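What follows is a single structure, written as structure tokens, with notes after it.
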Amino acid sequence: MLTHSNSQVLLDLLLERLSTSSQQRLTFADYMDLVLYHPQYGYYSSGTVEIGASGDFFTSSCLGGDFGELLAKQLAEMWEILGCPTPFLLVELGAGSGLLASDILSELQQNYLDCFKVIEYIIIEQAKGLIARQQNLLKPWRDRGLKLFWKEWQEILENSIVGCIFSNELVDALPVHQIAIAQGHLKEVYVTHSQGRLIETIDEISTPKLREYFNLVGVDLPSDSYPEGYRTEVNLAALDWLKTVSDKLKRGYLLTIDYGYSARRYYNPQRYRGTLQCYYQHRRHDDPYINIGYQDITAHVDFSALERQGELCGLSKIGFTQQGMFLMALGLGDRLRELSRGKYNVEQIIKRRDALHQLIDPAGLGGFGVLIQGKGLTEQERARPLKGLTQPE
């Protein structure tokens, strides 16, 4: 049931767009793009999105400064491996509320001052509604002279970035196509309408890129292994995104943190309903056609696709691990051990231990994938192991 003003406006926009299109339908990717990223009424763009305990979802940076501080440690090491370039560009893609940027900058300034002094921090944010929030939170850094910019991809020259491009829970929010198996053939799910309501229909795929995708990731779909009615997602936008990132990166790293699977696990025949999920006021459900403009819609990330597409775009895989292992290798275990050294009272210990455990819980945030890719690295630089990819002590 649509109860919000933005929902009604978006529904009217969708119905108008459907009625004027040649086949009176949209791919699910187009639908998802509109309800999440419409410049005025989309979930991310309208300014109504809330991240954290009072919002629809929370990220690792909502649990305190530890996630950003440990990530900063990895970024500083990348700077050293690259030969301490000046400037060192940190490019955050989809910065949410700006908390992660603030935590990273604080840690670099406090403990990695030489690196901090040569940083240029660039935020690329598609969700216009979040930019004002980020700029307000990070204003003190700009006031102190930090080179901090908000840019769009077209403003950045190709092969110009020396540093690290990174994202935390970005790729899962890129619009996905939904596909289905019908009578043994690969079909696509479309959004259409009937009597003022949004409904789905299934027809031929909208682009051969969907079939090519499964060749890219080495999955035989469709095949006899997949049941009739099997549904899943294909994130073609992630492939385009990765090409853009690679084109802009001259020398350095791409670090992607998100929830997802390898292609073999993602497209397991037993996962016959795919991974699409919606978040509204911390409640998860699977109906993307309610609360439009007021709920998040996401799908898990196919890390095999990022690796294979990366190779085609000149990005070599440095390593892949889980967030829990990544953070432990960077020193989260030391922070847990500090809790028994008398620095905190009981209430602080309980709260802090809970936050740290959430970051490494393999059934939650700790199970997120961490993929690091590189471009333009020398053999010696590639041979230097990154701390976050080593075995935790």
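Just remember, in the structure tokens the first chain shown is A, the second B, etc., residues are 1-based per chain, and ligands are 1-based in the order shown.
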
Write out as CSV the residues of stretch 338-392 of chain A that have any atom within 12 Å of an atom of stretch 286-302 of chain A, one row each with the nearest atom pair and its distance in Å to one decimal, counting only C-alpha atoms, sorted by chain and then rising number.
residue,atom,partner,partner_atom,distance
A:Phe368,CA,A:Val301,CA,9.8
A:Gly369,CA,A:Val301,CA,8.9
A:Val370,CA,A:Val301,CA,11.2
A:Leu371,CA,A:Val301,CA,11.2

Within 12 Å of A:Cys84 using only C-alpha atoms, minus same-chain residues under 2 positions, as a ChimeraX atom specification: /A:75-82,86-89,112,114-119,162-163,252

Top pick for closest residue to A:Thr275, considering A:Gln178, A:Ser225, A:Gln348, A:Thr390 and counting only C-alpha atoms: A:Gln178

Members of stretch 82-196 of chain A assigned strand (DSSP E or B) by DSSP, as a ChimeraX atom specification: /A:88-93,119-124,147-150,161-168,177-182,185-194

For the residues in that selection, give me N, CA and C atoms as a short mmCIF file (atom, residue, chain, number, x, y, z; two decimals), in the first residue's frame.
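File selection_35.cif, as written:
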data_model
loop_
_atom_site.label_atom_id
_atom_site.label_comp_id
_atom_site.auth_asym_id
_atom_site.auth_seq_id
_atom_site.Cartn_x
_atom_site.Cartn_y
_atom_site.Cartn_z
N PHE A 88 48.45 11.67 -3.05
CA PHE A 88 47.89 10.32 -2.93
C PHE A 88 46.38 10.48 -2.90
N LEU A 89 45.72 10.00 -3.95
CA LEU A 89 44.28 10.20 -4.08
C LEU A 89 43.51 9.06 -3.41
N LEU A 90 42.61 9.42 -2.54
CA LEU A 90 41.64 8.48 -1.98
C LEU A 90 40.28 8.84 -2.58
N VAL A 91 39.71 7.92 -3.32
CA VAL A 91 38.45 8.16 -4.02
C VAL A 91 37.39 7.23 -3.43
N GLU A 92 36.47 7.81 -2.67
CA GLU A 92 35.41 7.00 -2.06
C GLU A 92 34.17 7.07 -2.93
N LEU A 93 33.64 5.91 -3.26
CA LEU A 93 32.48 5.82 -4.13
C LEU A 93 31.24 5.51 -3.28
N ILE A 119 47.35 13.77 0.98
CA ILE A 119 46.07 13.20 0.52
C ILE A 119 45.22 14.23 -0.21
N GLU A 120 44.62 13.77 -1.28
CA GLU A 120 43.46 14.44 -1.87
C GLU A 120 42.31 13.45 -1.77
N TYR A 121 41.21 13.87 -1.15
CA TYR A 121 40.09 12.98 -0.89
C TYR A 121 38.94 13.39 -1.81
N ILE A 122 38.53 12.46 -2.65
CA ILE A 122 37.46 12.73 -3.63
C ILE A 122 36.29 11.81 -3.32
N ILE A 123 35.10 12.37 -3.26
CA ILE A 123 33.88 11.58 -3.09
C ILE A 123 33.07 11.64 -4.36
N ILE A 124 32.70 10.47 -4.87
CA ILE A 124 31.82 10.39 -6.02
C ILE A 124 30.50 9.82 -5.52
N LYS A 147 42.34 18.94 1.01
CA LYS A 147 41.84 18.93 -0.37
C LYS A 147 40.76 17.85 -0.47
N LEU A 148 39.53 18.28 -0.30
CA LEU A 148 38.38 17.39 -0.25
C LEU A 148 37.37 17.86 -1.30
N PHE A 149 37.02 16.96 -2.23
CA PHE A 149 36.18 17.36 -3.36
C PHE A 149 35.04 16.37 -3.57
N TRP A 150 33.93 16.89 -4.10
CA TRP A 150 32.84 16.05 -4.60
C TRP A 150 32.84 16.18 -6.11
N ILE A 161 44.31 8.88 -11.78
CA ILE A 161 44.28 8.62 -10.34
C ILE A 161 45.46 7.74 -9.93
N VAL A 162 46.26 8.24 -9.02
CA VAL A 162 47.30 7.45 -8.37
C VAL A 162 46.91 7.37 -6.91
N GLY A 163 46.52 6.17 -6.47
CA GLY A 163 46.04 6.02 -5.11
C GLY A 163 45.14 4.82 -4.97
N CYS A 164 44.04 5.00 -4.25
CA CYS A 164 43.10 3.90 -4.03
C CYS A 164 41.68 4.40 -4.22
N ILE A 165 40.93 3.68 -5.03
CA ILE A 165 39.50 3.89 -5.20
C ILE A 165 38.81 2.81 -4.36
N PHE A 166 37.88 3.21 -3.51
CA PHE A 166 37.29 2.20 -2.63
C PHE A 166 35.80 2.46 -2.41
N SER A 167 35.09 1.39 -2.04
CA SER A 167 33.66 1.49 -1.77
C SER A 167 33.27 0.49 -0.70
N ASN A 168 32.27 0.84 0.07
CA ASN A 168 31.70 -0.04 1.08
C ASN A 168 30.19 -0.09 0.86
N HIS A 177 19.24 -6.39 -13.54
CA HIS A 177 18.23 -7.06 -14.34
C HIS A 177 17.79 -8.31 -13.59
N GLN A 178 16.51 -8.65 -13.70
CA GLN A 178 16.02 -9.91 -13.18
C GLN A 178 15.73 -10.84 -14.34
N ILE A 179 16.24 -12.06 -14.23
CA ILE A 179 16.01 -13.04 -15.29
C ILE A 179 15.31 -14.27 -14.70
N ALA A 180 14.69 -15.03 -15.57
CA ALA A 180 13.93 -16.20 -15.14
C ALA A 180 14.08 -17.31 -16.17
N ILE A 181 13.92 -18.55 -15.72
CA ILE A 181 13.90 -19.70 -16.62
C ILE A 181 12.44 -20.05 -16.89
N ALA A 182 12.06 -20.02 -18.15
CA ALA A 182 10.70 -20.37 -18.56
C ALA A 182 10.77 -21.35 -19.72
N HIS A 185 14.18 -21.88 -21.22
CA HIS A 185 14.86 -20.77 -21.91
C HIS A 185 15.11 -19.62 -20.95
N LEU A 186 16.15 -18.84 -21.29
CA LEU A 186 16.49 -17.65 -20.50
C LEU A 186 15.55 -16.51 -20.89
N LYS A 187 14.80 -16.02 -19.92
CA LYS A 187 13.86 -14.92 -20.14
C LYS A 187 14.19 -13.78 -19.17
N GLU A 188 13.50 -12.66 -19.36
CA GLU A 188 13.71 -11.52 -18.48
C GLU A 188 12.41 -11.08 -17.84
N VAL A 189 12.53 -10.59 -16.60
CA VAL A 189 11.39 -10.07 -15.87
C VAL A 189 11.27 -8.57 -16.17
N TYR A 190 10.07 -8.15 -16.59
CA TYR A 190 9.80 -6.75 -16.87
C TYR A 190 8.74 -6.22 -15.91
N VAL A 191 8.75 -4.91 -15.74
CA VAL A 191 7.72 -4.24 -14.94
C VAL A 191 6.74 -3.57 -15.89
N THR A 192 5.45 -3.85 -15.73
CA THR A 192 4.41 -3.21 -16.53
C THR A 192 3.29 -2.78 -15.58
N HIS A 193 2.11 -2.52 -16.11
CA HIS A 193 1.04 -2.03 -15.23
C HIS A 193 -0.32 -2.56 -15.68
N SER A 194 -1.24 -2.56 -14.74
CA SER A 194 -2.62 -2.96 -15.00
C SER A 194 -3.51 -2.24 -14.00
#

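Minimum distance to A:Ala355 across A:Pro140, A:Gly64, A:Gly42, A:Gly129 (counting only C-alpha atoms) occurs at A:Gly64.
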
Contacts of stretch 235-243 of chain A within 6 Å, only C-alpha atoms, excl. fewer than 3 positions in-chain, as an MDAnalysis selection string: chainID A and resid 176 246 313

Please dump the current selection as a PDB file, in the first residue's frame; keep N, CA and C atoms.
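Produced file out.pdb, reproduced below:
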ATOM      1  N   VAL A 176      19.838  -3.890 -11.037  1.00  0.00           N
ATOM      2  CA  VAL A 176      20.056  -5.227 -11.600  1.00  0.00           C
ATOM      3  C   VAL A 176      18.907  -5.626 -12.523  1.00  0.00           C
ATOM      4  N   SER A 246      38.392   1.489 -13.865  1.00  0.00           N
ATOM      5  CA  SER A 246      39.689   1.120 -14.429  1.00  0.00           C
ATOM      6  C   SER A 246      40.220   2.199 -15.366  1.00  0.00           C
ATOM      7  N   CYS A 313      39.559  -5.412 -18.056  1.00  0.00           N
ATOM      8  CA  CYS A 313      39.747  -3.954 -18.025  1.00  0.00           C
ATOM      9  C   CYS A 313      41.134  -3.539 -17.541  1.00  0.00           C
TER      10      CYS A 313
END

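Take atom CA of A:Arg25 and atom CA of A:Ala173: the distance between them is 21.8 Å.
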
One-decimal distance in Å that lies between atom CA of A:Tyr43 and atom CA of A:Leu10: 10.2 Å

Picked from stretch 119-341 of chain A by DSSP as helix (DSSP H, G or I), as a VMD selection string: chain A and resid 128 to 143 153 to 155 171 to 173 209 to 217 236 to 248 263 to 266 303 to 312 323 to 329 332 to 338

Computed interatomic separation between atom CA of A:Asp172 and atom CA of A:Gly260 (Å):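 So the two atoms, atom CA of A:Asp172 and atom CA of A:Gly260, lie 8.2 Å apart.
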
Pick from A:Ser7, A:Ser19, A:Ala305, A:Glu107, whichever lies nearest to A:Asn215 using only C-alpha atoms: A:Ala305

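Excluding stretch 95-98 of chain A itself and any same-chain residue fewer than 3 positions from it, the protein and nucleic acid residues within 8 Å of it, counting only C-alpha atoms, are Ile51, Glu92, Ala101, Ser102, Ile123, Ile124, Glu125, Leu130, Arg133, Gln134, Gln135, Leu137, Leu138 and Ser167 of chain A.
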
Which of A:Gly94, A:Pro269, A:Gly376, A:Pro175 sits closest to A:Phe28 [using only C-alpha atoms]: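 The answer is A:Pro175, which sits nearest to A:Phe28.
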